[in-house]
Amino acid sequence: MGNNSYSWLIPCLEIHKALVMVLLLTGLTVGSEQKLYEDLFANYNRKVRPVKNFSHPITVYFNIKINQISDMDERNQILKINAWTEQEWWDEIVVWDPDDYDGLSEIRIPATELWLPDITLYNNADSHDYVAENNTASNAVVESDGHVRLRSKPTLLKSTCKIYVKYFPFDVQACRMKFGSWTYDSFQINLTNSSTEPDLHEYVRNEQWALVHAQTDRHVLFYECCPERYIDVTFSLCLRRKPMYYIYNLIIPCVLLCALALTGFFMPYSVGVVKASISVTLILSLTVFLLLVAEMMPRTSEEIPLIGQYYLATMCLISLSTGMNVAVLNVHGCKREVPKWINVIVLKYVAFLVCMGKCAKDNGEMGNKLHKDTRPIVNNLKHSPIPQLRENSVHGIKGSIGGGRHTMSMHSMREMYDDSDDGDGRFGKIEHYVDQIFKHLKTIQRKNDRKTLIREQWCCVAAILDKALMYLFFISTLITSLVLLLQDPGDSSNVCSHEIEHELSLG
């Protein structure tokens with residue numbers, strides 16, 4: 001019975017024993033890591049390369065992981081990328097046997113405690129060295145064989161990028177990020193790319209730029225000053241601009257303004273000032289759009305973007321259309337006789353080209369008809385009966401030529417009746433005066449008909465010229481738009497390959 005009374009202590013002792021073992025094992029593990037750290041860095045100097053033979057170079061594998069293209073600053077020619085770097089190398093000093101430290105095969109150590117290769121971005125566009133700063137702010141994973149893996153924290157890399165604006169907004173840009181050691185040559189660091197392209201597994205697409213192609217190249221460069229070789233790893237990115245935003249906001253408004261310039265040719269000549277003012281307003285509008293394009297592009301004198309050329313060409317065409325409208329207005333208001341060469345060139349050839357031959361033909365027939373219709377009016381009045389002639393003469397004197405210079409007064413009529421009592425003589429004088437009156441009316445009518453004919457001829461010339469200039473403006477605008485806006489920059493892959501090769505050949 002006494003043994004049974006202490007049997008409940010046995011499970012408690014087992015539990016206590018298990019807890020002690022767990023605590024002992026935990027203490028040994030923590031102690032092993034602490035002991036390993038103290039043993040590794042007791043005589044470690046992070047200021048020199050961790051090699052036992054100084055003639056042996058350290059092979060550093062380098063790669064970059066791109067998360068997103070943040071921005072392409074075309075004006076300042078800077079590419080901004082959200083990324084982090086990955087480096088691997090073998091440190092011959094930090095090596096241990098895992099069995100001596102309870103199977104501990106790797107340890108995480110602040111990067112500031114280790115020797116680090118001074119890899120930097122050669123074409124950095126910022127005063128801060130984000131690569132070095134983010135490397136030292138991270139932890140390095142060190143394995144028992146001396147293998148070190150260092151991944152920097154995500155950062156915003158700013159690199160210079162030559163912008164070619166010729167085909168804007170249908171352009172393709174090739175940018176490169178050149179990484180290399182700042183002080184070590186190839187005899188000390190053998191920098192090598194760990195893959196043929198940057199890591200894009202977590203890449204987030206940009207709304208303005210499409211990443212068409214990406215590749216990694218290793219270059220070994222010789223310089224005349226030094227016998228050593230210098231190695232760099234260059235990441236080339238080919239970016240194609242997405243043009244939809246610029247089509248809706250820059251190209252379509254310009255096309256509509258050009259179409260609006262055609263309305264000036266359809267406006268009546270009585271509103272000539274309005275026609276000129278519309279053209280001036282269109283030119284000012286295009287100037288505003290041209291300034292918007294200039295604000296986006298870098299200040300370069302090497303190339304003018306196609307859209308800038310299109311705006312300039314359109315402004316020139318609208319300026320010419322303004323001059324055309326003013327010239328046609330002057331032609332429409334001309335009062336002198338139409339020269340023969342204008343009759344031949346405009347009313348014959350140009351009218352045929354613009355399908356207005358009927359206008360020129362009707363204009364000539366109208367002049368002949370007006371000239372022929374003046375004679376029957378006078379002849380009929382001269383051979384009319386005497387009572388009708390007398391009635392028409394008196395009314396004609398009072399109504400038709402009452403305000404003329406040859407108006408016959410009542411005193412003259414009275415003298416005409418008093419001087420001769422003979423009826424035939426009075427009739428002869430009346431006939432003589434009426435004949436003089438109608439001769440004068442015939443002269444006035446011919447002058448008016450001549451003025452009308454000249455005015456109609458100039459109106460016809462103006463209409464033909466206006467239509468011809470409208471066709472010329474439309475064809476010029478269409479050709480300019482097709483030539484400038486439909487230039488093919490080529491296949492994106494070929495353009496990328498060519499530009500990348502060109503960039504790499506430059507250094």
# chains A, B, ... in the order shown; residues from 1 in each chain; ligands from 1

$ select_by_dssp --residues "range 164-295 of chain A" --states "alpha helix (DSSP H)" --output "mmCIF file with all heavy atoms, in the first residue's frame"
data_model
loop_
_atom_site.group_PDB
_atom_site.id
_atom_site.type_symbol
_atom_site.label_atom_id
_atom_site.label_comp_id
_atom_site.auth_asym_id
_atom_site.auth_seq_id
_atom_site.Cartn_x
_atom_site.Cartn_y
_atom_site.Cartn_z
ATOM 1 N N MET A 244 -1.705 54.473 -76.882
ATOM 2 C CA MET A 244 -3.126 54.800 -76.884
ATOM 3 C C MET A 244 -3.409 56.141 -76.216
ATOM 4 O O MET A 244 -4.230 56.943 -76.695
ATOM 5 C CB MET A 244 -3.913 53.687 -76.193
ATOM 6 C CG MET A 244 -5.424 53.805 -76.386
ATOM 7 S SD MET A 244 -5.903 53.704 -78.131
ATOM 8 C CE MET A 244 -5.364 52.041 -78.512
ATOM 9 N N TYR A 245 -2.750 56.435 -75.107
ATOM 10 C CA TYR A 245 -2.971 57.691 -74.393
ATOM 11 C C TYR A 245 -2.636 58.883 -75.283
ATOM 12 O O TYR A 245 -3.378 59.880 -75.333
ATOM 13 C CB TYR A 245 -2.118 57.702 -73.129
ATOM 14 C CG TYR A 245 -2.102 59.028 -72.398
ATOM 15 C CD1 TYR A 245 -3.123 59.373 -71.527
ATOM 16 C CD2 TYR A 245 -1.061 59.934 -72.591
ATOM 17 C CE1 TYR A 245 -3.110 60.589 -70.866
ATOM 18 C CE2 TYR A 245 -1.042 61.141 -71.939
ATOM 19 C CZ TYR A 245 -2.053 61.469 -71.072
ATOM 20 O OH TYR A 245 -2.042 62.680 -70.424
ATOM 21 N N TYR A 246 -1.544 58.791 -76.008
ATOM 22 C CA TYR A 246 -1.110 59.909 -76.841
ATOM 23 C C TYR A 246 -1.953 60.026 -78.106
ATOM 24 O O TYR A 246 -2.135 61.125 -78.636
ATOM 25 C CB TYR A 246 0.364 59.727 -77.204
ATOM 26 C CG TYR A 246 1.245 59.651 -75.986
ATOM 27 C CD1 TYR A 246 1.626 58.419 -75.459
ATOM 28 C CD2 TYR A 246 1.672 60.798 -75.342
ATOM 29 C CE1 TYR A 246 2.423 58.335 -74.326
ATOM 30 C CE2 TYR A 246 2.470 60.725 -74.203
ATOM 31 C CZ TYR A 246 2.834 59.500 -73.705
ATOM 32 O OH TYR A 246 3.610 59.417 -72.577
ATOM 33 N N ILE A 252 -5.413 62.669 -82.288
ATOM 34 C CA ILE A 252 -6.796 62.873 -82.742
ATOM 35 C C ILE A 252 -7.208 64.342 -82.671
ATOM 36 O O ILE A 252 -7.815 64.851 -83.622
ATOM 37 C CB ILE A 252 -7.757 61.970 -81.935
ATOM 38 C CG1 ILE A 252 -7.521 60.494 -82.294
ATOM 39 C CG2 ILE A 252 -9.210 62.355 -82.186
ATOM 40 C CD1 ILE A 252 -8.423 59.533 -81.570
ATOM 41 N N PRO A 253 -6.911 65.100 -81.598
ATOM 42 C CA PRO A 253 -7.247 66.536 -81.624
ATOM 43 C C PRO A 253 -6.581 67.285 -82.773
ATOM 44 O O PRO A 253 -7.205 68.173 -83.382
ATOM 45 C CB PRO A 253 -6.737 67.034 -80.266
ATOM 46 C CG PRO A 253 -6.790 65.852 -79.388
ATOM 47 C CD PRO A 253 -6.416 64.703 -80.265
ATOM 48 N N CYS A 254 -5.347 66.933 -83.108
ATOM 49 C CA CYS A 254 -4.672 67.609 -84.214
ATOM 50 C C CYS A 254 -5.347 67.283 -85.544
ATOM 51 O O CYS A 254 -5.514 68.171 -86.391
ATOM 52 C CB CYS A 254 -3.201 67.195 -84.251
ATOM 53 S SG CYS A 254 -2.247 68.030 -85.516
ATOM 54 N N VAL A 255 -5.737 66.037 -85.727
ATOM 55 C CA VAL A 255 -6.441 65.664 -86.958
ATOM 56 C C VAL A 255 -7.773 66.404 -87.066
ATOM 57 O O VAL A 255 -8.163 66.884 -88.144
ATOM 58 C CB VAL A 255 -6.644 64.138 -86.997
ATOM 59 C CG1 VAL A 255 -7.502 63.744 -88.193
ATOM 60 C CG2 VAL A 255 -5.302 63.426 -87.057
ATOM 61 N N LEU A 256 -8.480 66.537 -85.950
ATOM 62 C CA LEU A 256 -9.756 67.260 -85.964
ATOM 63 C C LEU A 256 -9.549 68.746 -86.273
ATOM 64 O O LEU A 256 -10.350 69.364 -86.987
ATOM 65 C CB LEU A 256 -10.453 67.091 -84.614
ATOM 66 C CG LEU A 256 -10.933 65.673 -84.281
ATOM 67 C CD1 LEU A 256 -11.571 65.642 -82.898
ATOM 68 C CD2 LEU A 256 -11.925 65.177 -85.327
ATOM 69 N N LEU A 257 -8.473 69.327 -85.758
ATOM 70 C CA LEU A 257 -8.188 70.730 -86.065
ATOM 71 C C LEU A 257 -7.876 70.908 -87.544
ATOM 72 O O LEU A 257 -8.280 71.914 -88.152
ATOM 73 C CB LEU A 257 -7.022 71.221 -85.209
ATOM 74 C CG LEU A 257 -7.296 71.376 -83.707
ATOM 75 C CD1 LEU A 257 -6.030 71.787 -82.973
ATOM 76 C CD2 LEU A 257 -8.391 72.408 -83.460
ATOM 77 N N CYS A 258 -7.183 69.953 -88.123
ATOM 78 C CA CYS A 258 -6.917 70.024 -89.566
ATOM 79 C C CYS A 258 -8.209 69.917 -90.364
ATOM 80 O O CYS A 258 -8.395 70.619 -91.366
ATOM 81 C CB CYS A 258 -5.961 68.904 -89.971
ATOM 82 S SG CYS A 258 -4.305 69.108 -89.325
ATOM 83 N N ALA A 259 -9.100 69.017 -89.930
ATOM 84 C CA ALA A 259 -10.390 68.898 -90.613
ATOM 85 C C ALA A 259 -11.200 70.175 -90.455
ATOM 86 O O ALA A 259 -11.919 70.598 -91.377
ATOM 87 C CB ALA A 259 -11.156 67.697 -90.058
ATOM 88 N N LEU A 260 -11.089 70.808 -89.286
ATOM 89 C CA LEU A 260 -11.820 72.058 -89.067
ATOM 90 C C LEU A 260 -11.304 73.171 -89.964
ATOM 91 O O LEU A 260 -12.050 74.086 -90.331
ATOM 92 C CB LEU A 260 -11.706 72.467 -87.598
ATOM 93 C CG LEU A 260 -12.566 73.646 -87.125
ATOM 94 C CD1 LEU A 260 -14.031 73.326 -87.311
ATOM 95 C CD2 LEU A 260 -12.283 73.950 -85.660
ATOM 96 N N ALA A 261 -10.026 73.112 -90.333
ATOM 97 C CA ALA A 261 -9.476 74.138 -91.231
ATOM 98 C C ALA A 261 -10.127 74.085 -92.609
ATOM 99 O O ALA A 261 -10.173 75.102 -93.315
ATOM 100 C CB ALA A 261 -7.968 73.957 -91.354
ATOM 101 N N GLY A 272 -15.379 87.200 -94.634
ATOM 102 C CA GLY A 272 -13.965 86.962 -94.847
ATOM 103 C C GLY A 272 -13.128 87.096 -93.596
ATOM 104 O O GLY A 272 -12.178 86.350 -93.375
ATOM 105 N N VAL A 273 -13.472 88.051 -92.733
ATOM 106 C CA VAL A 273 -12.716 88.231 -91.497
ATOM 107 C C VAL A 273 -12.850 87.005 -90.600
ATOM 108 O O VAL A 273 -11.890 86.579 -89.956
ATOM 109 C CB VAL A 273 -13.191 89.501 -90.772
ATOM 110 C CG1 VAL A 273 -12.435 89.675 -89.463
ATOM 111 C CG2 VAL A 273 -13.011 90.717 -91.649
ATOM 112 N N VAL A 274 -14.027 86.401 -90.588
ATOM 113 C CA VAL A 274 -14.256 85.213 -89.769
ATOM 114 C C VAL A 274 -13.417 84.047 -90.286
ATOM 115 O O VAL A 274 -12.851 83.267 -89.508
ATOM 116 C CB VAL A 274 -15.748 84.849 -89.760
ATOM 117 C CG1 VAL A 274 -15.993 83.583 -88.951
ATOM 118 C CG2 VAL A 274 -16.564 86.000 -89.193
ATOM 119 N N LYS A 275 -13.282 83.936 -91.615
ATOM 120 C CA LYS A 275 -12.471 82.863 -92.188
ATOM 121 C C LYS A 275 -11.013 82.982 -91.733
ATOM 122 O O LYS A 275 -10.385 81.999 -91.364
ATOM 123 C CB LYS A 275 -12.552 82.914 -93.714
ATOM 124 C CG LYS A 275 -13.938 82.651 -94.271
ATOM 125 C CD LYS A 275 -13.985 82.802 -95.771
ATOM 126 C CE LYS A 275 -13.255 81.677 -96.455
ATOM 127 N NZ LYS A 275 -13.423 81.701 -97.920
ATOM 128 N N ALA A 276 -10.493 84.194 -91.765
ATOM 129 C CA ALA A 276 -9.110 84.400 -91.338
ATOM 130 C C ALA A 276 -8.943 84.173 -89.830
ATOM 131 O O ALA A 276 -7.948 83.590 -89.378
ATOM 132 C CB ALA A 276 -8.650 85.798 -91.713
ATOM 133 N N SER A 277 -9.917 84.608 -89.044
ATOM 134 C CA SER A 277 -9.818 84.450 -87.596
ATOM 135 C C SER A 277 -9.876 82.978 -87.184
ATOM 136 O O SER A 277 -9.215 82.563 -86.218
ATOM 137 C CB SER A 277 -10.938 85.225 -86.895
ATOM 138 O OG SER A 277 -12.209 84.710 -87.256
ATOM 139 N N ILE A 278 -10.639 82.152 -87.908
ATOM 140 C CA ILE A 278 -10.685 80.717 -87.613
ATOM 141 C C ILE A 278 -9.314 80.084 -87.815
ATOM 142 O O ILE A 278 -8.838 79.301 -86.985
ATOM 143 C CB ILE A 278 -11.743 80.022 -88.487
ATOM 144 C CG1 ILE A 278 -13.158 80.392 -88.013
ATOM 145 C CG2 ILE A 278 -11.568 78.512 -88.460
ATOM 146 C CD1 ILE A 278 -14.253 79.796 -88.841
ATOM 147 N N SER A 279 -8.648 80.453 -88.900
ATOM 148 C CA SER A 279 -7.321 79.901 -89.164
ATOM 149 C C SER A 279 -6.323 80.310 -88.083
ATOM 150 O O SER A 279 -5.509 79.497 -87.627
ATOM 151 C CB SER A 279 -6.836 80.357 -90.537
ATOM 152 O OG SER A 279 -7.705 79.906 -91.556
ATOM 153 N N VAL A 280 -6.384 81.560 -87.663
ATOM 154 C CA VAL A 280 -5.474 82.026 -86.615
ATOM 155 C C VAL A 280 -5.735 81.281 -85.308
ATOM 156 O O VAL A 280 -4.804 80.883 -84.594
ATOM 157 C CB VAL A 280 -5.618 83.543 -86.424
ATOM 158 C CG1 VAL A 280 -4.810 84.013 -85.222
ATOM 159 C CG2 VAL A 280 -5.176 84.282 -87.675
ATOM 160 N N THR A 281 -7.014 81.059 -84.982
ATOM 161 C CA THR A 281 -7.359 80.304 -83.765
ATOM 162 C C THR A 281 -6.836 78.868 -83.832
ATOM 163 O O THR A 281 -6.336 78.328 -82.834
ATOM 164 C CB THR A 281 -8.878 80.302 -83.574
ATOM 165 O OG1 THR A 281 -9.359 81.652 -83.544
ATOM 166 C CG2 THR A 281 -9.258 79.607 -82.279
ATOM 167 N N LEU A 282 -6.925 78.250 -85.004
ATOM 168 C CA LEU A 282 -6.414 76.890 -85.157
ATOM 169 C C LEU A 282 -4.902 76.840 -84.974
ATOM 170 O O LEU A 282 -4.369 75.908 -84.364
ATOM 171 C CB LEU A 282 -6.803 76.342 -86.532
ATOM 172 C CG LEU A 282 -8.303 76.118 -86.771
ATOM 173 C CD1 LEU A 282 -8.545 75.671 -88.198
ATOM 174 C CD2 LEU A 282 -8.849 75.096 -85.802
ATOM 175 N N ILE A 283 -4.208 77.838 -85.488
ATOM 176 C CA ILE A 283 -2.755 77.881 -85.340
ATOM 177 C C ILE A 283 -2.384 78.004 -83.859
ATOM 178 O O ILE A 283 -1.455 77.343 -83.367
ATOM 179 C CB ILE A 283 -2.163 79.034 -86.158
ATOM 180 C CG1 ILE A 283 -2.355 78.752 -87.652
ATOM 181 C CG2 ILE A 283 -0.690 79.234 -85.845
ATOM 182 C CD1 ILE A 283 -1.925 79.888 -88.543
ATOM 183 N N LEU A 284 -3.091 78.851 -83.124
ATOM 184 C CA LEU A 284 -2.823 78.995 -81.693
ATOM 185 C C LEU A 284 -3.105 77.696 -80.944
ATOM 186 O O LEU A 284 -2.365 77.326 -80.018
ATOM 187 C CB LEU A 284 -3.664 80.134 -81.120
ATOM 188 C CG LEU A 284 -3.329 81.546 -81.630
ATOM 189 C CD1 LEU A 284 -4.298 82.566 -81.041
ATOM 190 C CD2 LEU A 284 -1.898 81.919 -81.276
ATOM 191 N N SER A 285 -4.152 76.998 -81.336
ATOM 192 C CA SER A 285 -4.470 75.716 -80.686
ATOM 193 C C SER A 285 -3.365 74.690 -80.928
ATOM 194 O O SER A 285 -2.949 73.978 -80.012
ATOM 195 C CB SER A 285 -5.803 75.184 -81.204
ATOM 196 O OG SER A 285 -6.848 76.109 -80.956
ATOM 197 N N LEU A 286 -2.876 74.627 -82.160
ATOM 198 C CA LEU A 286 -1.793 73.693 -82.459
ATOM 199 C C LEU A 286 -0.515 74.068 -81.714
ATOM 200 O O LEU A 286 0.271 73.193 -81.332
ATOM 201 C CB LEU A 286 -1.539 73.667 -83.965
ATOM 202 C CG LEU A 286 -2.615 72.975 -84.807
ATOM 203 C CD1 LEU A 286 -2.327 73.156 -86.285
ATOM 204 C CD2 LEU A 286 -2.688 71.498 -84.472
ATOM 205 N N THR A 287 -0.305 75.353 -81.515
ATOM 206 C CA THR A 287 0.869 75.792 -80.755
ATOM 207 C C THR A 287 0.815 75.274 -79.322
ATOM 208 O O THR A 287 1.835 74.860 -78.751
ATOM 209 C CB THR A 287 0.962 77.325 -80.760
ATOM 210 O OG1 THR A 287 0.980 77.794 -82.113
ATOM 211 C CG2 THR A 287 2.205 77.803 -80.044
ATOM 212 N N VAL A 288 -0.373 75.289 -78.728
ATOM 213 C CA VAL A 288 -0.532 74.766 -77.364
ATOM 214 C C VAL A 288 -0.187 73.281 -77.319
ATOM 215 O O VAL A 288 0.541 72.820 -76.423
ATOM 216 C CB VAL A 288 -1.966 75.009 -76.856
ATOM 217 C CG1 VAL A 288 -2.189 74.334 -75.521
ATOM 218 C CG2 VAL A 288 -2.232 76.509 -76.741
ATOM 219 N N PHE A 289 -0.678 72.497 -78.286
ATOM 220 C CA PHE A 289 -0.371 71.067 -78.312
ATOM 221 C C PHE A 289 1.117 70.839 -78.555
ATOM 222 O O PHE A 289 1.709 69.912 -77.995
ATOM 223 C CB PHE A 289 -1.189 70.378 -79.404
ATOM 224 C CG PHE A 289 -2.617 70.124 -79.009
ATOM 225 C CD1 PHE A 289 -3.632 70.922 -79.484
ATOM 226 C CD2 PHE A 289 -2.946 69.089 -78.156
ATOM 227 C CE1 PHE A 289 -4.946 70.703 -79.120
ATOM 228 C CE2 PHE A 289 -4.256 68.848 -77.782
ATOM 229 C CZ PHE A 289 -5.263 69.663 -78.266
ATOM 230 N N LEU A 290 1.724 71.674 -79.394
ATOM 231 C CA LEU A 290 3.157 71.528 -79.641
ATOM 232 C C LEU A 290 3.959 71.798 -78.372
ATOM 233 O O LEU A 290 4.980 71.138 -78.115
ATOM 234 C CB LEU A 290 3.582 72.481 -80.755
ATOM 235 C CG LEU A 290 5.038 72.377 -81.219
ATOM 236 C CD1 LEU A 290 5.322 70.975 -81.741
ATOM 237 C CD2 LEU A 290 5.325 73.416 -82.301
ATOM 238 N N LEU A 291 3.521 72.746 -77.564
ATOM 239 C CA LEU A 291 4.192 73.010 -76.294
ATOM 240 C C LEU A 291 4.061 71.819 -75.344
ATOM 241 O O LEU A 291 4.995 71.503 -74.590
ATOM 242 C CB LEU A 291 3.618 74.271 -75.649
ATOM 243 C CG LEU A 291 3.937 75.594 -76.360
ATOM 244 C CD1 LEU A 291 3.216 76.749 -75.676
ATOM 245 C CD2 LEU A 291 5.437 75.850 -76.376
ATOM 246 N N LEU A 292 2.911 71.143 -75.362
ATOM 247 C CA LEU A 292 2.738 69.954 -74.525
ATOM 248 C C LEU A 292 3.719 68.861 -74.924
ATOM 249 O O LEU A 292 4.312 68.190 -74.070
ATOM 250 C CB LEU A 292 1.301 69.441 -74.632
ATOM 251 C CG LEU A 292 0.209 70.334 -74.025
ATOM 252 C CD1 LEU A 292 -1.166 69.732 -74.290
ATOM 253 C CD2 LEU A 292 0.423 70.507 -72.537
ATOM 254 N N VAL A 293 3.897 68.678 -76.230
ATOM 255 C CA VAL A 293 4.855 67.674 -76.698
ATOM 256 C C VAL A 293 6.273 68.068 -76.305
ATOM 257 O O VAL A 293 7.082 67.227 -75.881
ATOM 258 C CB VAL A 293 4.737 67.506 -78.226
ATOM 259 C CG1 VAL A 293 5.798 66.551 -78.745
ATOM 260 C CG2 VAL A 293 3.351 66.988 -78.592
ATOM 261 N N ALA A 294 6.587 69.356 -76.433
ATOM 262 C CA ALA A 294 7.937 69.819 -76.079
ATOM 263 C C ALA A 294 8.239 69.617 -74.597
ATOM 264 O O ALA A 294 9.386 69.369 -74.216
ATOM 265 C CB ALA A 294 8.092 71.290 -76.456
ATOM 266 N N GLU A 295 7.214 69.723 -73.741
ATOM 267 C CA GLU A 295 7.428 69.517 -72.314
ATOM 268 C C GLU A 295 7.742 68.062 -71.984
ATOM 269 O O GLU A 295 8.396 67.774 -70.981
ATOM 270 C CB GLU A 295 6.181 69.956 -71.533
ATOM 271 C CG GLU A 295 5.997 71.462 -71.462
ATOM 272 C CD GLU A 295 7.098 72.138 -70.668
ATOM 273 O OE1 GLU A 295 7.583 71.529 -69.699
ATOM 274 O OE2 GLU A 295 7.493 73.255 -71.033
#

$ residues_around --residues "range 87-100 of chain A" --least-positions-apart "5" --cutoff "6 Å" --atoms "only C-alpha atoms" --output "JSON, numbers by chain"
{"A": [40, 50, 51, 59, 60, 61, 62, 105, 144, 145, 146, 147, 148, 149, 150]}

$ closest_residue --among "A:Cys175, A:Leu211, A:Ile437, A:Leu485" --to "Ser159 in chain A" --atoms "only C-alpha atoms"
A:Cys175

$ closest_residue --among "A:Ser321, A:Asn124, A:Gln445, A:Gln188" --to "Gln77 in chain A" --atoms "only C-alpha atoms"
A:Asn124

$ select_by_dssp --residues "range 109-246 of chain A" --states "strand (DSSP E)" --output "PyMOL selection string"
chain A and resi 109-110+119-121+139-143+147-151+155-160+172-181+189-193+209-223+226-241

$ atom_distance --atom1 "CA of Tyr203 in chain A" --atom2 "CA of Thr160 in chain A"
20.9 Å

$ residues_around --residues "range 155-157 of chain A" --least-positions-apart "2" --cutoff "9 Å" --atoms "only C-alpha atoms" --output "list in words"
Ser70, Leu79, Lys80, Ile81, Asn82, Ala83, Trp84, Leu121, Asn124, Ala125, Asp126, Tyr130, Val131, Asn134, Ser152, Lys153 and Ser159 of chain A

$ atom_distance --atom1 "CA of Val483 in chain A" --atom2 "CA of Tyr310 in chain A"
9.2 Å

$ residues_around --residues "range 41-45 of chain A" --least-positions-apart "2" --cutoff "10 Å" --atoms "only C-alpha atoms" --output "JSON, numbers by chain"
{"A": [36, 37, 38, 39, 47, 48, 49, 50, 93, 94, 113, 114, 115]}

$ write_last_selection --atoms "C-alpha atoms" --output "compact mmCIF listing (two decimals), in the first residue's frame"
# COMPACT_ATOMS: atom_id res chain seq x y z
CA LEU A 36 29.89 29.61 -34.03
CA TYR A 37 29.57 33.35 -34.50
CA GLU A 38 32.31 34.03 -31.97
CA ASP A 39 34.60 31.44 -33.50
CA LYS A 47 38.23 44.97 -44.91
CA VAL A 48 40.23 42.51 -46.99
CA ARG A 49 39.22 39.80 -49.44
CA PRO A 50 38.48 36.50 -47.64
CA ILE A 93 37.40 32.25 -43.93
CA VAL A 94 33.87 31.56 -42.64
CA GLU A 113 30.06 41.95 -40.45
CA LEU A 114 31.24 40.33 -43.69
CA TRP A 115 33.48 41.33 -46.54

$ closest_residue --among "A:Ile163, A:Ile78, A:Ile318, A:Ile189" --to "Arg241 in chain A" --atoms "only C-alpha atoms"
A:Ile163

$ closest_residue --among "A:Glu86, A:Phe222, A:Phe474, A:Met72" --to "Lys158 in chain A" --atoms "only C-alpha atoms"
A:Met72

$ atom_distance --atom1 "CA of Ala137 in chain A" --atom2 "CA of Pro110 in chain A"
7.7 Å

$ closest_residue --among "A:Ser181, A:Lys340, A:Tyr167, A:Val434" --to "Glu303 in chain A" --atoms "only C-alpha atoms"
A:Tyr167
